[in-house]
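*Asks:* Data file input-v3.cif (mmCIF, C-alpha atoms) is appended below.
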```cif
data_start
#
loop_
_atom_site.label_atom_id
_atom_site.label_comp_id
_atom_site.auth_asym_id
_atom_site.auth_seq_id
_atom_site.Cartn_x
_atom_site.Cartn_y
_atom_site.Cartn_z
CA MET A 1231 50.78 -131.47 -64.24
CA LEU A 1232 52.51 -130.50 -60.98
CA SER A 1233 53.31 -133.10 -58.38
CA LYS A 1234 51.23 -133.02 -55.19
CA LYS A 1235 54.20 -131.64 -53.23
CA THR A 1236 54.87 -128.92 -55.77
CA ALA A 1237 51.21 -127.99 -55.91
CA MET A 1238 51.04 -127.79 -52.12
CA LEU A 1239 54.10 -125.53 -51.96
CA ALA A 1240 52.66 -123.32 -54.68
CA ALA A 1241 49.39 -123.03 -52.80
CA VAL A 1242 51.18 -122.10 -49.57
CA ALA A 1243 53.25 -119.50 -51.39
CA ALA A 1244 50.17 -118.07 -53.08
CA GLY A 1245 48.35 -117.91 -49.75
CA ALA A 1246 51.27 -116.13 -48.13
CA LEU A 1247 51.38 -113.66 -51.01
CA ALA A 1248 47.66 -113.02 -50.72
CA LEU A 1249 47.93 -112.39 -46.99
CA SER A 1250 50.83 -110.05 -47.59
CA ALA A 1251 48.89 -108.14 -50.23
CA CYS A 1252 45.80 -107.84 -48.00
CA GLY A 1253 47.81 -106.75 -45.00
CA GLY A 1254 50.24 -104.43 -46.75
CA GLY A 1255 48.46 -101.26 -45.58
CA SER A 1256 46.93 -102.55 -42.37
CA ASP A 1257 49.38 -100.82 -40.06
CA ASP A 1258 48.48 -97.43 -41.56
CA ALA A 1259 44.89 -97.69 -42.75
CA GLY A 1260 43.36 -100.47 -40.71
CA SER A 1261 44.29 -99.52 -37.18
CA ALA A 1262 40.78 -98.31 -36.34
CA GLU A 1263 39.24 -101.48 -37.70
CA ASP A 1264 41.86 -103.71 -36.07
CA ASN A 1265 41.01 -102.49 -32.59
CA GLY A 1266 37.30 -102.73 -33.31
CA LEU A 1267 36.47 -99.04 -32.93
CA ASN A 1268 35.35 -98.61 -36.57
CA LEU A 1269 36.02 -94.88 -36.50
CA VAL A 1270 34.63 -92.51 -39.11
CA SER A 1271 38.09 -91.06 -39.79
CA GLU A 1272 41.39 -92.78 -39.20
CA GLY A 1273 43.31 -91.42 -36.24
CA ALA A 1274 40.48 -89.19 -35.00
CA LEU A 1275 37.54 -89.37 -32.64
CA THR A 1276 34.76 -87.52 -34.45
CA VAL A 1277 32.34 -85.91 -32.01
CA CYS A 1278 28.91 -84.50 -32.86
CA SER A 1279 27.48 -81.81 -30.60
CA ASP A 1280 24.77 -79.16 -30.64
CA ILE A 1281 26.76 -75.93 -30.21
CA PRO A 1282 26.41 -73.54 -28.42
CA TYR A 1283 25.06 -74.97 -25.17
CA PRO A 1284 27.26 -73.45 -22.47
CA PRO A 1285 28.77 -74.49 -20.15
CA PHE A 1286 28.82 -77.92 -21.83
CA GLU A 1287 29.80 -76.95 -25.36
CA PHE A 1288 30.53 -73.58 -26.91
CA GLU A 1289 33.05 -71.85 -29.16
CA GLU A 1290 35.69 -69.56 -27.71
CA ASN A 1291 38.59 -67.97 -29.58
CA GLY A 1292 37.90 -70.20 -32.58
CA GLU A 1293 38.03 -73.41 -30.54
CA TYR A 1294 35.30 -75.67 -29.21
CA THR A 1295 35.37 -75.86 -25.44
CA GLY A 1296 33.08 -76.53 -22.47
CA PHE A 1297 32.66 -79.35 -19.99
CA ASP A 1298 31.71 -81.95 -22.60
CA MET A 1299 34.36 -80.82 -25.07
CA ASP A 1300 37.13 -80.79 -22.48
CA LEU A 1301 36.22 -84.31 -21.41
CA MET A 1302 36.08 -85.45 -25.04
CA ARG A 1303 39.51 -83.95 -25.70
CA GLU A 1304 40.99 -85.87 -22.76
CA ILE A 1305 39.23 -89.08 -23.79
CA ALA A 1306 40.50 -88.79 -27.36
CA SER A 1307 44.02 -88.10 -26.11
CA GLY A 1308 43.90 -91.14 -23.85
CA MET A 1309 42.96 -93.22 -26.89
CA ASP A 1310 45.86 -91.71 -28.92
CA LEU A 1311 43.38 -90.00 -31.22
CA GLU A 1312 42.87 -86.47 -32.46
CA LEU A 1313 39.57 -84.75 -31.68
CA ALA A 1314 37.30 -83.67 -34.54
CA VAL A 1315 34.03 -81.84 -33.78
CA GLN A 1316 30.92 -81.41 -35.89
CA ASP A 1317 28.09 -79.03 -34.96
CA VAL A 1318 24.73 -80.77 -35.50
CA ASP A 1319 21.09 -80.30 -34.56
CA PHE A 1320 20.25 -81.79 -31.16
CA ASN A 1321 17.13 -83.57 -32.37
CA GLY A 1322 19.08 -85.47 -35.02
CA LEU A 1323 21.69 -86.31 -32.40
CA GLN A 1324 19.47 -87.55 -29.58
CA SER A 1325 17.38 -89.59 -32.02
CA GLY A 1326 20.51 -91.42 -33.17
CA ALA A 1327 20.08 -90.33 -36.80
CA VAL A 1328 23.51 -88.71 -37.27
CA LEU A 1329 25.24 -91.65 -35.58
CA ALA A 1330 23.38 -94.23 -37.65
CA ALA A 1331 24.33 -92.28 -40.78
CA GLY A 1332 28.02 -92.56 -39.87
CA GLN A 1333 28.48 -88.80 -39.54
CA CYS A 1334 30.35 -89.14 -36.26
CA ASP A 1335 31.63 -91.70 -33.77
CA ILE A 1336 30.18 -90.25 -30.60
CA GLY A 1337 27.77 -87.58 -29.42
CA ALA A 1338 28.68 -85.22 -26.58
CA SER A 1339 25.87 -82.74 -26.03
CA ALA A 1340 24.49 -82.93 -22.49
CA VAL A 1341 22.34 -85.92 -23.48
CA THR A 1342 20.26 -87.29 -20.62
CA ILE A 1343 20.15 -91.08 -20.35
CA THR A 1344 16.54 -92.24 -20.78
CA GLU A 1345 14.93 -95.58 -21.55
CA GLU A 1346 13.43 -94.15 -24.73
CA ARG A 1347 16.83 -93.03 -26.02
CA GLN A 1348 18.48 -96.29 -25.01
CA ALA A 1349 16.25 -98.01 -27.55
CA ASN A 1350 18.16 -96.22 -30.33
CA LEU A 1351 21.50 -95.35 -28.74
CA ALA A 1352 24.37 -96.87 -26.82
CA PHE A 1353 25.36 -94.77 -23.80
CA SER A 1354 28.62 -94.45 -21.95
CA ASP A 1355 28.67 -94.59 -18.18
CA PRO A 1356 27.03 -91.46 -16.67
CA TYR A 1357 29.38 -88.50 -16.38
CA TYR A 1358 27.15 -85.73 -15.00
CA ASP A 1359 24.13 -85.43 -12.66
CA SER A 1360 21.72 -82.70 -13.74
CA LEU A 1361 18.66 -80.73 -12.56
CA GLN A 1362 15.98 -78.96 -14.56
CA SER A 1363 15.16 -75.32 -13.82
CA LEU A 1364 12.87 -72.41 -14.61
CA LEU A 1365 14.43 -69.14 -15.81
CA VAL A 1366 12.37 -65.92 -15.63
CA PRO A 1367 13.02 -62.17 -15.84
CA THR A 1368 14.06 -60.74 -12.49
CA ASP A 1369 10.85 -58.67 -12.24
CA SER A 1370 8.57 -61.59 -13.26
CA ASP A 1371 5.59 -62.61 -11.15
CA ILE A 1372 6.37 -66.27 -11.93
CA ALA A 1373 7.71 -67.84 -8.75
CA SER A 1374 7.28 -71.53 -9.53
CA ILE A 1375 6.08 -74.00 -12.11
CA ASP A 1376 2.59 -73.61 -10.65
CA ASP A 1377 2.46 -70.08 -12.06
CA LEU A 1378 2.91 -71.10 -15.70
CA ALA A 1379 -0.75 -71.54 -16.66
CA GLY A 1380 -1.40 -69.41 -19.74
CA LYS A 1381 2.28 -68.40 -19.94
CA GLN A 1382 4.58 -68.94 -22.91
CA VAL A 1383 7.46 -71.17 -21.90
CA GLY A 1384 10.48 -71.76 -24.10
CA VAL A 1385 11.80 -75.32 -24.34
CA GLN A 1386 14.35 -76.99 -26.58
CA GLN A 1387 12.86 -79.51 -28.96
CA GLY A 1388 13.59 -83.14 -28.17
CA THR A 1389 15.00 -82.50 -24.69
CA THR A 1390 14.05 -83.80 -21.27
CA GLY A 1391 13.27 -80.20 -20.34
CA GLU A 1392 10.50 -80.23 -22.92
CA THR A 1393 9.21 -83.52 -21.54
CA TYR A 1394 9.28 -82.21 -17.97
CA ALA A 1395 7.33 -79.12 -19.00
CA GLN A 1396 4.74 -81.19 -20.86
CA GLU A 1397 4.19 -83.39 -17.81
CA ASN A 1398 4.34 -80.77 -15.07
CA ALA A 1399 3.03 -77.57 -16.68
CA PRO A 1400 0.13 -78.83 -18.82
CA GLU A 1401 -1.61 -75.45 -18.89
CA ALA A 1402 1.44 -73.56 -20.15
CA GLU A 1403 1.90 -72.73 -23.82
CA LEU A 1404 5.17 -74.43 -24.78
CA VAL A 1405 7.21 -72.78 -27.50
CA GLN A 1406 9.78 -75.09 -29.09
CA PHE A 1407 13.21 -73.88 -30.17
CA PRO A 1408 16.04 -75.74 -31.91
CA SER A 1409 18.69 -74.62 -29.41
CA ASP A 1410 19.38 -72.56 -26.30
CA ALA A 1411 20.64 -69.64 -28.38
CA GLU A 1412 17.19 -69.07 -29.89
CA MET A 1413 15.49 -69.66 -26.54
CA TYR A 1414 17.59 -67.08 -24.76
CA ALA A 1415 17.09 -64.53 -27.54
CA ALA A 1416 13.32 -65.07 -27.26
CA ILE A 1417 13.15 -64.38 -23.52
CA GLN A 1418 15.45 -61.37 -23.94
CA ALA A 1419 13.03 -59.99 -26.52
CA GLY A 1420 10.04 -60.71 -24.31
CA ASN A 1421 8.60 -63.27 -26.72
CA VAL A 1422 8.36 -65.93 -24.01
CA ASP A 1423 7.77 -65.60 -20.28
CA ALA A 1424 10.14 -68.30 -19.04
CA LEU A 1425 12.63 -70.96 -20.11
CA LEU A 1426 12.57 -74.50 -18.75
CA GLN A 1427 15.80 -76.40 -19.31
CA ASP A 1428 18.94 -77.79 -17.64
CA LEU A 1429 20.03 -75.82 -14.59
CA PRO A 1430 23.68 -75.14 -15.55
CA VAL A 1431 22.60 -73.60 -18.85
CA ASN A 1432 19.99 -71.37 -17.22
CA ILE A 1433 22.47 -70.31 -14.55
CA GLY A 1434 24.65 -68.94 -17.33
CA HIS A 1435 21.80 -66.60 -18.27
CA THR A 1436 21.62 -65.03 -14.81
CA GLU A 1437 25.05 -63.45 -14.85
CA ASP A 1438 23.97 -59.97 -15.99
CA GLY A 1439 21.19 -59.78 -13.38
CA ALA A 1440 18.31 -59.49 -15.85
CA PHE A 1441 17.13 -63.05 -15.24
CA THR A 1442 16.87 -65.34 -12.25
CA ILE A 1443 16.20 -68.99 -11.45
CA ALA A 1444 12.63 -69.18 -10.15
CA GLU A 1445 12.74 -72.87 -9.30
CA GLU A 1446 14.95 -75.94 -9.57
CA PHE A 1447 13.57 -79.43 -10.22
CA LYS A 1448 15.20 -82.65 -9.05
CA THR A 1449 14.75 -85.22 -11.78
CA ASP A 1450 17.56 -87.74 -11.13
CA GLU A 1451 18.84 -87.08 -14.64
CA GLN A 1452 22.31 -88.17 -15.70
CA TYR A 1453 24.18 -87.35 -18.89
CA GLY A 1454 26.01 -89.92 -21.00
CA PHE A 1455 28.01 -89.81 -24.20
CA ILE A 1456 26.11 -91.49 -27.02
CA MET A 1457 27.21 -93.92 -29.72
CA ALA A 1458 25.53 -96.00 -32.41
CA LYS A 1459 23.24 -98.68 -31.02
CA ASP A 1460 24.86 -101.46 -33.05
CA GLY A 1461 28.56 -102.14 -33.56
CA SER A 1462 29.91 -99.68 -31.01
CA GLU A 1463 30.65 -102.09 -28.19
CA ALA A 1464 34.43 -101.62 -28.39
CA LEU A 1465 34.10 -97.83 -28.54
CA VAL A 1466 31.74 -97.75 -25.55
CA ALA A 1467 34.20 -99.86 -23.56
CA ALA A 1468 37.13 -97.62 -24.56
CA VAL A 1469 35.26 -94.43 -23.62
CA ASN A 1470 34.22 -95.89 -20.26
CA GLU A 1471 37.81 -96.92 -19.61
CA GLN A 1472 38.99 -93.36 -20.26
CA LEU A 1473 36.23 -91.86 -18.10
CA ALA A 1474 37.26 -94.11 -15.22
CA ALA A 1475 40.90 -93.14 -15.67
CA LEU A 1476 40.03 -89.42 -15.66
CA ARG A 1477 38.13 -89.86 -12.40
CA ASP A 1478 40.97 -91.87 -10.85
CA ASN A 1479 43.73 -89.42 -11.75
CA GLY A 1480 41.78 -86.31 -10.73
CA THR A 1481 41.46 -84.80 -14.21
CA TYR A 1482 37.67 -85.19 -14.24
CA GLN A 1483 37.36 -83.25 -10.97
CA GLU A 1484 39.65 -80.49 -12.26
CA ILE A 1485 37.52 -80.06 -15.38
CA TYR A 1486 34.30 -80.22 -13.35
CA ASP A 1487 35.50 -77.59 -10.89
CA SER A 1488 36.53 -75.25 -13.70
CA TYR A 1489 32.90 -75.04 -14.84
CA PHE A 1490 30.72 -75.77 -11.83
CA ALA A 1491 32.61 -74.99 -8.62
CA GLU A 1492 31.11 -71.98 -6.83
#
```
Can you dump the structure from the file as structure tokens?

*Replies:*
Amino acid sequence: MLSKKTAMLAAVAAGALALSACGGGSDDAGSAEDNGLNLVSEGALTVCSDIPYPPFEFEENGEYTGFDMDLMREIASGMDLELAVQDVDFNGLQSGAVLAAGQCDIGASAVTITEERQANLAFSDPYYDSLQSLLVPTDSDIASIDDLAGKQVGVQQGTTGETYAQENAPEAELVQFPSDAEMYAAIQAGNVDALLQDLPVNIGHTEDGAFTIAEEFKTDEQYGFIMAKDGSEALVAAVNEQLAALRDNGTYQEIYDSYFAE
């Protein structure tokens, strides 16, 4: 039998060995956990987005870009992380399903902050103020939302544009689409009479002169980046810190002006 002193020294040595064994890979593999971010992939900020949705997210020359993507790239860089992007369905994103499943760390997809969504999601500080709008063919007789009775209006499923249309154009026939790409193709083909969605996206569809903005709607909407409802406190704080820094150093304004300045 060991003496009490010998036993104590053995226990201390064993404890030190155990700590050493547990912490042997912590510098390399546990950095994300150590700082509390609990990232999906070590060394990367994995972003989920519904692409394309210009000017906020789209693919150009094999690279994801747009207002949201450019901000995400700067935020990831400020956190000493690489940026990884996954293209997902908007409905699964705004519901929180893909975040709860651990598919990504953060969602950047022009997501409006609403009380309903806040029940399932954690939001960053607001980063964009938005309006809704009504897009129609240039030769359309639709001049405002009051002219939509009996008309087919394209909306994106799960969006605040869909909600606005439901509440303010009750006599219109709403046609749901999974993304803006399908909506725009539908109005080009004459399958719907109008599109009701975020103003910057509709503005992008007026560039060739075939379509025009019939009306804009002030809704006091603001976009936020979204994260899992539970366990993302450190990530939310880190993202907000980077957003504040980008505003302070002028980078946010530079990115904003590159997409929205007239």

*Asks:* Run the PyMOL selection byres ((chain A and resi 1439) around 12) mentally over the shown coordinates, then write out the matched residues as a compact mmCIF listing (two decimals) with C-alpha atoms, in the coordinates of the input, using the chain letters and numbers from the document.

*Replies:*
```txt
# COMPACT_ATOMS: atom_id res chain seq x y z
CA LEU A 1365 14.43 -69.14 -15.81
CA VAL A 1366 12.37 -65.92 -15.63
CA PRO A 1367 13.02 -62.17 -15.84
CA THR A 1368 14.06 -60.74 -12.49
CA ASP A 1369 10.85 -58.67 -12.24
CA ILE A 1433 22.47 -70.31 -14.55
CA GLY A 1434 24.65 -68.94 -17.33
CA HIS A 1435 21.80 -66.60 -18.27
CA THR A 1436 21.62 -65.03 -14.81
CA GLU A 1437 25.05 -63.45 -14.85
CA ASP A 1438 23.97 -59.97 -15.99
CA ALA A 1440 18.31 -59.49 -15.85
CA PHE A 1441 17.13 -63.05 -15.24
CA THR A 1442 16.87 -65.34 -12.25
CA ILE A 1443 16.20 -68.99 -11.45
```

*Asks:* Once the PyMOL selection byres ((chain A and resi 1469) around 10) has been applied to the shown file, what residues remain in the selection, as a count of residues only?

*Replies:* 21

*Asks:* Please determine, counting all atoms listed in the file, which residue among A:Thr1449, A:Ser1363, A:Ser1279, A:Gln1483 has the shortest atom-to-atom distance to A:Ala1340.

*Replies:*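 Closest to A:Ala1340, using all atoms listed in the file: A:Ser1279.
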
*Asks:* Please evaluate the PyMOL selection byres ((chain A and resi 1430) around 12) against the structure above and give the resulting residues as JSON, numbers by chain.

*Replies:* {"A": [1283, 1284, 1285, 1286, 1287, 1296, 1297, 1340, 1358, 1359, 1360, 1361, 1362, 1363, 1364, 1365, 1410, 1426, 1427, 1428, 1429, 1431, 1432, 1433, 1434, 1435, 1436, 1437, 1443, 1446, 1486, 1489, 1490, 1491, 1492]}

*Asks:* Quick check, in Å to one decimal: how far apart do atom CA of A:Val1405 and atom CA of A:Ala1379 lie?

*Replies:* 13.5 Å

*Asks:* Between atom CA of A:Gln1418 and atom CA of A:Gln1406, measure the distance and give it in Å to one decimal.

*Replies:* 15.7 Å

*Asks:* Could you tell me how far atom CA of A:Val1383 sits from atom CA of A:Ala1395, in Å to one decimal place?

*Replies:* 8.5 Å

*Asks:* Considering all atoms listed in the file, can you say which of A:Ala1331, A:Gly1388, A:Asp1450, A:Leu1378 comes closest to A:Val1270?

*Replies:* A:Ala1331

*Asks:* The residues within 7 Å of (22.9, -97.1, -33.7), using all atoms listed in the file and the coordinates of the file, should be reported as a list of chain:residue names; which are they?

*Replies:*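 Collected hits near the coordinates: A:Gly1326, A:Leu1329, A:Ala1330, A:Asn1350, A:Leu1351, A:Met1457, A:Ala1458, A:Lys1459, A:Asp1460.
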